[in-house]
>>> print(open('start_25.txt').read())   # compact mmCIF, C-alpha atoms
# COMPACT_ATOMS: atom_id res chain seq x y z
CA MET B 1 2.62 -7.26 50.97
CA HIS B 2 3.26 -10.05 48.50
CA ASP B 3 0.02 -9.28 46.64
CA ARG B 4 1.24 -5.91 45.31
CA PRO B 5 4.11 -7.25 43.19
CA MET B 6 1.84 -10.03 41.93
CA ASN B 7 -0.95 -7.56 41.10
CA PHE B 8 1.54 -5.31 39.34
CA LEU B 9 2.91 -8.25 37.35
CA LEU B 10 -0.61 -9.41 36.51
CA SER B 11 -1.50 -5.88 35.35
CA LEU B 12 1.55 -5.81 33.07
CA VAL B 13 0.69 -9.20 31.59
CA LEU B 14 -2.94 -8.19 31.00
CA ALA B 15 -1.91 -4.90 29.41
CA ALA B 16 0.51 -6.71 27.10
CA MET B 17 -2.14 -9.27 26.17
CA THR B 18 -4.69 -6.53 25.44
CA SER B 19 -2.33 -4.60 23.18
CA GLN B 20 -1.32 -7.85 21.43
CA ALA B 21 -5.00 -8.74 21.00
CA LEU B 22 -5.70 -5.38 19.35
CA VAL B 23 -2.76 -5.75 16.99
CA GLY B 24 -3.63 -9.40 16.42
CA PHE B 25 -7.22 -8.47 15.58
CA ALA B 26 -6.07 -6.17 12.79
CA LEU B 27 -3.62 -8.76 11.47
CA SER B 28 -6.00 -11.69 11.70
CA GLU B 29 -8.94 -9.84 10.19
CA ASP B 30 -11.23 -12.08 8.16
CA TRP B 31 -10.39 -10.77 4.71
CA SER B 32 -13.03 -12.95 3.04
CA GLY B 33 -15.71 -10.76 4.66
CA TYR B 34 -13.97 -7.52 3.71
CA HIS B 35 -15.66 -5.27 1.14
CA PRO B 36 -13.16 -3.19 -0.89
CA VAL B 37 -13.59 0.57 -0.85
CA HIS B 38 -12.15 0.99 -4.37
CA THR B 39 -12.92 -1.06 -7.46
CA LEU B 40 -11.31 -1.61 -10.83
CA GLY B 41 -11.77 1.27 -13.30
CA LEU B 42 -10.05 4.23 -14.93
CA GLU B 43 -11.22 7.07 -12.67
CA ASP B 44 -9.15 8.98 -10.09
CA ASP B 45 -9.91 6.77 -7.05
CA ASP B 46 -10.07 3.40 -8.83
CA TRP B 47 -7.61 0.54 -9.06
CA TRP B 48 -6.09 0.58 -12.54
CA THR B 49 -4.80 -2.18 -14.80
CA ALA B 50 -4.07 0.35 -17.55
CA TYR B 51 -3.21 4.03 -17.36
CA PRO B 52 -6.14 5.96 -15.83
CA SER B 53 -8.34 8.54 -17.57
CA GLN B 54 -6.24 11.50 -16.31
CA HIS B 55 -3.02 10.01 -17.78
CA ALA B 56 -1.63 11.13 -21.15
CA PHE B 57 -1.66 7.45 -22.27
CA SER B 58 -5.09 6.61 -20.82
CA GLY B 59 -6.15 3.01 -21.44
CA THR B 60 -2.74 1.72 -22.51
CA SER B 61 -1.01 -1.08 -20.64
CA VAL B 62 1.67 -0.55 -18.01
CA ALA B 63 5.13 -2.14 -18.14
CA HIS B 64 5.62 -3.02 -14.47
CA PRO B 65 9.23 -3.34 -13.31
CA SER B 66 10.43 -6.93 -12.84
CA TRP B 67 11.16 -6.39 -9.13
CA VAL B 68 7.50 -5.37 -8.60
CA MET B 69 6.29 -8.47 -10.45
CA ASP B 70 8.58 -10.65 -8.32
CA ALA B 71 7.36 -9.05 -5.07
CA LEU B 72 3.71 -9.52 -6.09
CA LYS B 73 4.18 -13.27 -6.10
CA LYS B 74 4.10 -13.09 -2.29
CA LYS B 75 2.47 -9.82 -1.18
CA PRO B 76 0.96 -6.55 -2.38
CA VAL B 77 3.45 -3.71 -2.80
CA VAL B 78 3.43 -0.16 -1.43
CA ILE B 79 6.02 2.35 -2.66
CA LEU B 80 6.59 5.87 -1.38
CA VAL B 81 8.71 8.16 -3.53
CA HIS B 82 9.61 11.29 -1.58
CA SER B 83 12.20 13.94 -0.88
CA SER B 84 13.84 15.02 2.37
CA THR B 85 13.16 18.69 1.63
CA CYS B 86 9.44 18.37 0.91
CA LYS B 87 6.88 19.25 3.61
CA PRO B 88 4.05 17.07 2.15
CA CYS B 89 6.60 14.22 1.94
CA ALA B 90 7.26 14.43 5.67
CA GLU B 91 3.51 14.48 6.30
CA GLN B 92 3.00 11.40 4.11
CA MET B 93 5.82 9.56 5.85
CA ASP B 94 4.15 10.27 9.21
CA ASN B 95 0.74 9.24 7.86
CA LEU B 96 2.16 5.90 6.67
CA LYS B 97 3.58 4.93 10.09
CA GLU B 98 0.40 3.61 11.69
CA PRO B 99 -0.93 1.72 8.61
CA LEU B 100 2.47 0.11 8.07
CA ALA B 101 2.74 -0.81 11.75
CA THR B 102 -0.69 -2.45 11.57
CA PHE B 103 -0.55 -4.10 8.13
CA GLY B 104 3.17 -4.17 7.30
CA SER B 105 3.47 -7.95 7.58
CA TYR B 106 0.99 -8.26 4.71
CA LEU B 107 2.96 -5.92 2.40
CA ASP B 108 6.27 -5.31 0.72
CA TYR B 109 7.01 -1.65 1.43
CA TYR B 110 9.64 0.36 -0.46
CA ASP B 111 10.77 3.78 0.75
CA VAL B 112 12.46 5.53 -2.18
CA PRO B 113 13.99 8.97 -1.68
CA GLY B 114 13.87 10.89 -4.96
CA GLU B 115 17.33 12.30 -4.47
CA GLY B 116 21.00 11.36 -4.23
CA SER B 117 21.89 7.80 -5.19
CA ASN B 118 18.19 6.85 -5.39
CA LEU B 119 17.23 9.57 -7.88
CA GLU B 120 17.47 7.27 -10.90
CA LYS B 121 15.34 4.54 -9.26
CA ALA B 122 12.77 7.13 -8.11
CA THR B 123 12.56 8.58 -11.62
CA GLU B 124 12.09 5.10 -13.14
CA ILE B 125 9.31 4.30 -10.65
CA LEU B 126 7.54 7.61 -11.24
CA SER B 127 7.81 7.28 -15.02
CA VAL B 128 5.80 4.04 -14.74
CA TYR B 129 3.39 4.92 -11.91
CA ASP B 130 2.78 8.68 -12.24
CA PRO B 131 -1.03 8.90 -12.36
CA THR B 132 -1.03 11.90 -14.74
CA GLY B 133 1.78 11.03 -17.13
CA GLY B 134 3.13 14.54 -16.77
CA MET B 135 5.58 16.04 -14.32
CA LEU B 136 7.08 13.71 -11.73
CA TYR B 137 5.95 14.88 -8.29
CA VAL B 138 6.79 13.87 -4.74
CA PRO B 139 5.40 12.53 -2.60
CA THR B 140 3.82 9.86 -4.76
CA THR B 141 2.44 6.79 -3.02
CA ILE B 142 1.88 3.69 -5.11
CA PHE B 143 -0.22 0.68 -4.13
CA ILE B 144 0.09 -2.47 -6.28
CA THR B 145 -1.94 -5.67 -6.01
CA LEU B 146 -3.61 -8.41 -8.04
CA ILE B 147 -7.19 -8.03 -9.21
CA LYS B 148 -9.64 -9.95 -11.35
CA GLY B 149 -10.24 -8.08 -14.61
CA PRO B 150 -13.50 -7.83 -16.57
CA ASP B 151 -12.55 -10.98 -18.52
CA GLY B 152 -12.05 -12.93 -15.26
CA ALA B 153 -8.26 -13.12 -15.64
CA VAL B 154 -6.12 -11.98 -12.71
CA GLN B 155 -4.05 -8.90 -13.55
CA VAL B 156 -1.70 -6.49 -11.83
CA ALA B 157 -3.65 -3.51 -10.51
CA TRP B 158 -2.24 -0.32 -9.12
CA HIS B 159 -3.23 3.05 -7.74
CA SER B 160 -0.96 6.00 -7.15
CA GLN B 161 -1.58 9.32 -5.55
CA ILE B 162 0.43 12.51 -5.55
CA ASP B 163 0.68 14.56 -2.33
CA ALA B 164 0.01 13.57 1.27
CA MET B 165 -2.93 11.30 1.94
CA SER B 166 -4.96 10.91 5.12
CA VAL B 167 -4.38 7.85 7.30
CA ASP B 168 -7.92 6.71 6.42
CA GLN B 169 -7.18 6.93 2.67
CA ILE B 170 -3.94 5.00 3.12
CA ASN B 171 -5.67 2.35 5.21
CA ALA B 172 -8.41 1.94 2.59
CA TYR B 173 -5.95 1.31 -0.26
CA ILE B 174 -3.78 -0.97 1.88
CA LYS B 175 -6.77 -3.04 3.03
CA ASP B 176 -8.06 -3.22 -0.55
CA ALA B 177 -4.61 -4.31 -1.77
CA ILE B 178 -4.39 -7.06 0.86
CA TYR B 179 -7.92 -8.28 0.16
CA TYR B 180 -7.50 -8.35 -3.62
CA HIS B 181 -4.11 -10.04 -3.37
CA GLN B 182 -5.40 -12.73 -1.03
CA GLN B 183 -8.39 -13.37 -3.27
CA ASN B 184 -6.36 -13.56 -6.51
CA ALA B 185 -2.73 -14.55 -5.88
CA ALA B 186 -3.31 -18.30 -6.31
CA LYS B 187 -4.95 -17.67 -9.71
CA TRP B 188 -2.19 -15.40 -11.03
CA ARG B 189 0.06 -16.85 -13.72
>>> encode(input="start_25.txt", output="structure tokens")
Amino acid sequence: MHDRPMNFLLSLVLAAMTSQALVGFALSEDWSGYHPVHTLGLEDDDWWTAYPSQHAFSGTSVAHPSWVMDALKKKPVVILVHSSTCKPCAEQMDNLKEPLATFGSYLDYYDVPGEGSNLEKATEILSVYDPTGGMLYVPTTIFITLIKGPDGAVQVAWHSQIDAMSVDQINAYIKDAIYYHQQNAAKWR
């Protein structure tokens, strides 16, 4: 009789340890052995240190907001600009849940509704990080990290994407951002 409560308790402890181990594995991943999916460049899927090839000001430097520069001293940054009335925005918010639950401790995440009292902040963010330099669309997801440039100097790198992304795409940019930041933060400034 006494074995059942003990077996049940042991099962609960083992289940908790297993789930913690799985989460812990993702969080304690050996980033030095990680190989980034995306590299520095000016094409659609690249990390950018200047405006990308599809932008109206392609190749020119970006004036990053001071709050982004401050946040980058500690962690990579992810920003989602969205609207409450936008179907792709809701999809992107759902798609971000699992990556943020897994890697959120490695990031500074900003959720910015492009409406109401946040409209001005959302517009300012999009005017800097819109990948096309044209109309300001939501959802736009922005990933910002530190990367070694062609000259060997560490620079701020970013990638933004309009519309909903798959969980795999989000994970790839987040993992890249974490890896690049960990490799380069000590050499920045």
>>> residues_around(input="start_25.txt", residues="B:Thr132", least_positions_apart="6", cutoff="10 Å", atoms="only C-alpha atoms", output="number ranges by chain")
B: 44, 51-58, 160-162
>>> closest_residue(input="start_25.txt", among="B:Ala186, B:Cys86, B:Tyr173, B:Phe143", to="B:Val37", atoms="all atoms listed in the file")
B:Tyr173
>>> atom_distance(input="start_25.txt", atom1="atom CA of B:Tyr110", atom2="atom CA of B:Pro76")
11.3 Å
>>> closest_residue(input="start_25.txt", among="B:Asp45, B:Glu115, B:Asp163, B:Glu120", to="B:Thr140", atoms="all atoms listed in the file")
B:Asp163
>>> atom_distance(input="start_25.txt", atom1="atom CA of B:Ile142", atom2="atom CA of B:Asp108")
11.6 Å
>>> closest_residue(input="start_25.txt", among="B:Asn118, B:Thr145, B:Gln92, B:Gln155", to="B:Leu72", atoms="all atoms listed in the file")
B:Thr145
>>> residues_near_point(input="start_25.txt", point="(12.2, 3.3, -0.8)", cutoff="7 Å", atoms="all atoms listed in the file", output="ChimeraX atom specification")
/B:79-81,110-113
>>> atom_distance(input="start_25.txt", atom1="atom CA of B:Lys148", atom2="atom CA of B:Gly59")
16.8 Å
>>> closest_residue(input="start_25.txt", among="B:Asp151, B:Ser105, B:Asp70, B:Pro139", to="B:Ser84", atoms="all atoms listed in the file")
B:Pro139
>>> closest_residue(input="start_25.txt", among="B:Val167, B:Glu124, B:Ser117, B:Gln183", to="B:Glu91", atoms="all atoms listed in the file")
B:Val167
>>> residues_around(input="start_25.txt", residues="B:Ile174", least_positions_apart="2", cutoff="10 Å", atoms="all atoms listed in the file", output="ChimeraX atom specification")
/B:76-78,99-100,103-104,106-107,143-145,168-172,176-180
>>> write_last_selection(input="start_25.txt", atoms="C-alpha atoms", output="mmCIF file, keeping the file's coordinate frame")
data_model
loop_
_atom_site.group_PDB
_atom_site.id
_atom_site.type_symbol
_atom_site.label_atom_id
_atom_site.label_comp_id
_atom_site.auth_asym_id
_atom_site.auth_seq_id
_atom_site.Cartn_x
_atom_site.Cartn_y
_atom_site.Cartn_z
ATOM 1 C CA PRO B 76 0.960 -6.550 -2.380
ATOM 2 C CA VAL B 77 3.450 -3.710 -2.800
ATOM 3 C CA VAL B 78 3.430 -0.160 -1.430
ATOM 4 C CA PRO B 99 -0.930 1.720 8.610
ATOM 5 C CA LEU B 100 2.470 0.110 8.070
ATOM 6 C CA PHE B 103 -0.550 -4.100 8.130
ATOM 7 C CA GLY B 104 3.170 -4.170 7.300
ATOM 8 C CA TYR B 106 0.990 -8.260 4.710
ATOM 9 C CA LEU B 107 2.960 -5.920 2.400
ATOM 10 C CA PHE B 143 -0.220 0.680 -4.130
ATOM 11 C CA ILE B 144 0.090 -2.470 -6.280
ATOM 12 C CA THR B 145 -1.940 -5.670 -6.010
ATOM 13 C CA ASP B 168 -7.920 6.710 6.420
ATOM 14 C CA GLN B 169 -7.180 6.930 2.670
ATOM 15 C CA ILE B 170 -3.940 5.000 3.120
ATOM 16 C CA ASN B 171 -5.670 2.350 5.210
ATOM 17 C CA ALA B 172 -8.410 1.940 2.590
ATOM 18 C CA ASP B 176 -8.060 -3.220 -0.550
ATOM 19 C CA ALA B 177 -4.610 -4.310 -1.770
ATOM 20 C CA ILE B 178 -4.390 -7.060 0.860
ATOM 21 C CA TYR B 179 -7.920 -8.280 0.160
ATOM 22 C CA TYR B 180 -7.500 -8.350 -3.620
#
>>> closest_residue(input="start_25.txt", among="B:Pro65, B:Pro36, B:Pro88, B:Gly116", to="B:Thr141", atoms="all atoms listed in the file")
B:Pro88
>>> residues_around(input="start_25.txt", residues="B:His64", least_positions_apart="3", cutoff="9 Å", atoms="all atoms listed in the file", output="list in words")
Trp67, Val68, Met69, Val128, Tyr129 and Val156 of chain B
>>> write_last_selection(input="start_25.txt", atoms="C-alpha atoms", output="JSON list (two decimals), in the frame of the given file")
[["chain", "number", "residue", "atom", "x", "y", "z"],
["B", 67, "TRP", "CA", 11.16, -6.39, -9.13],
["B", 68, "VAL", "CA", 7.50, -5.37, -8.60],
["B", 69, "MET", "CA", 6.29, -8.47, -10.45],
["B", 128, "VAL", "CA", 5.80, 4.04, -14.74],
["B", 129, "TYR", "CA", 3.39, 4.92, -11.91],
["B", 156, "VAL", "CA", -1.70, -6.49, -11.83]]
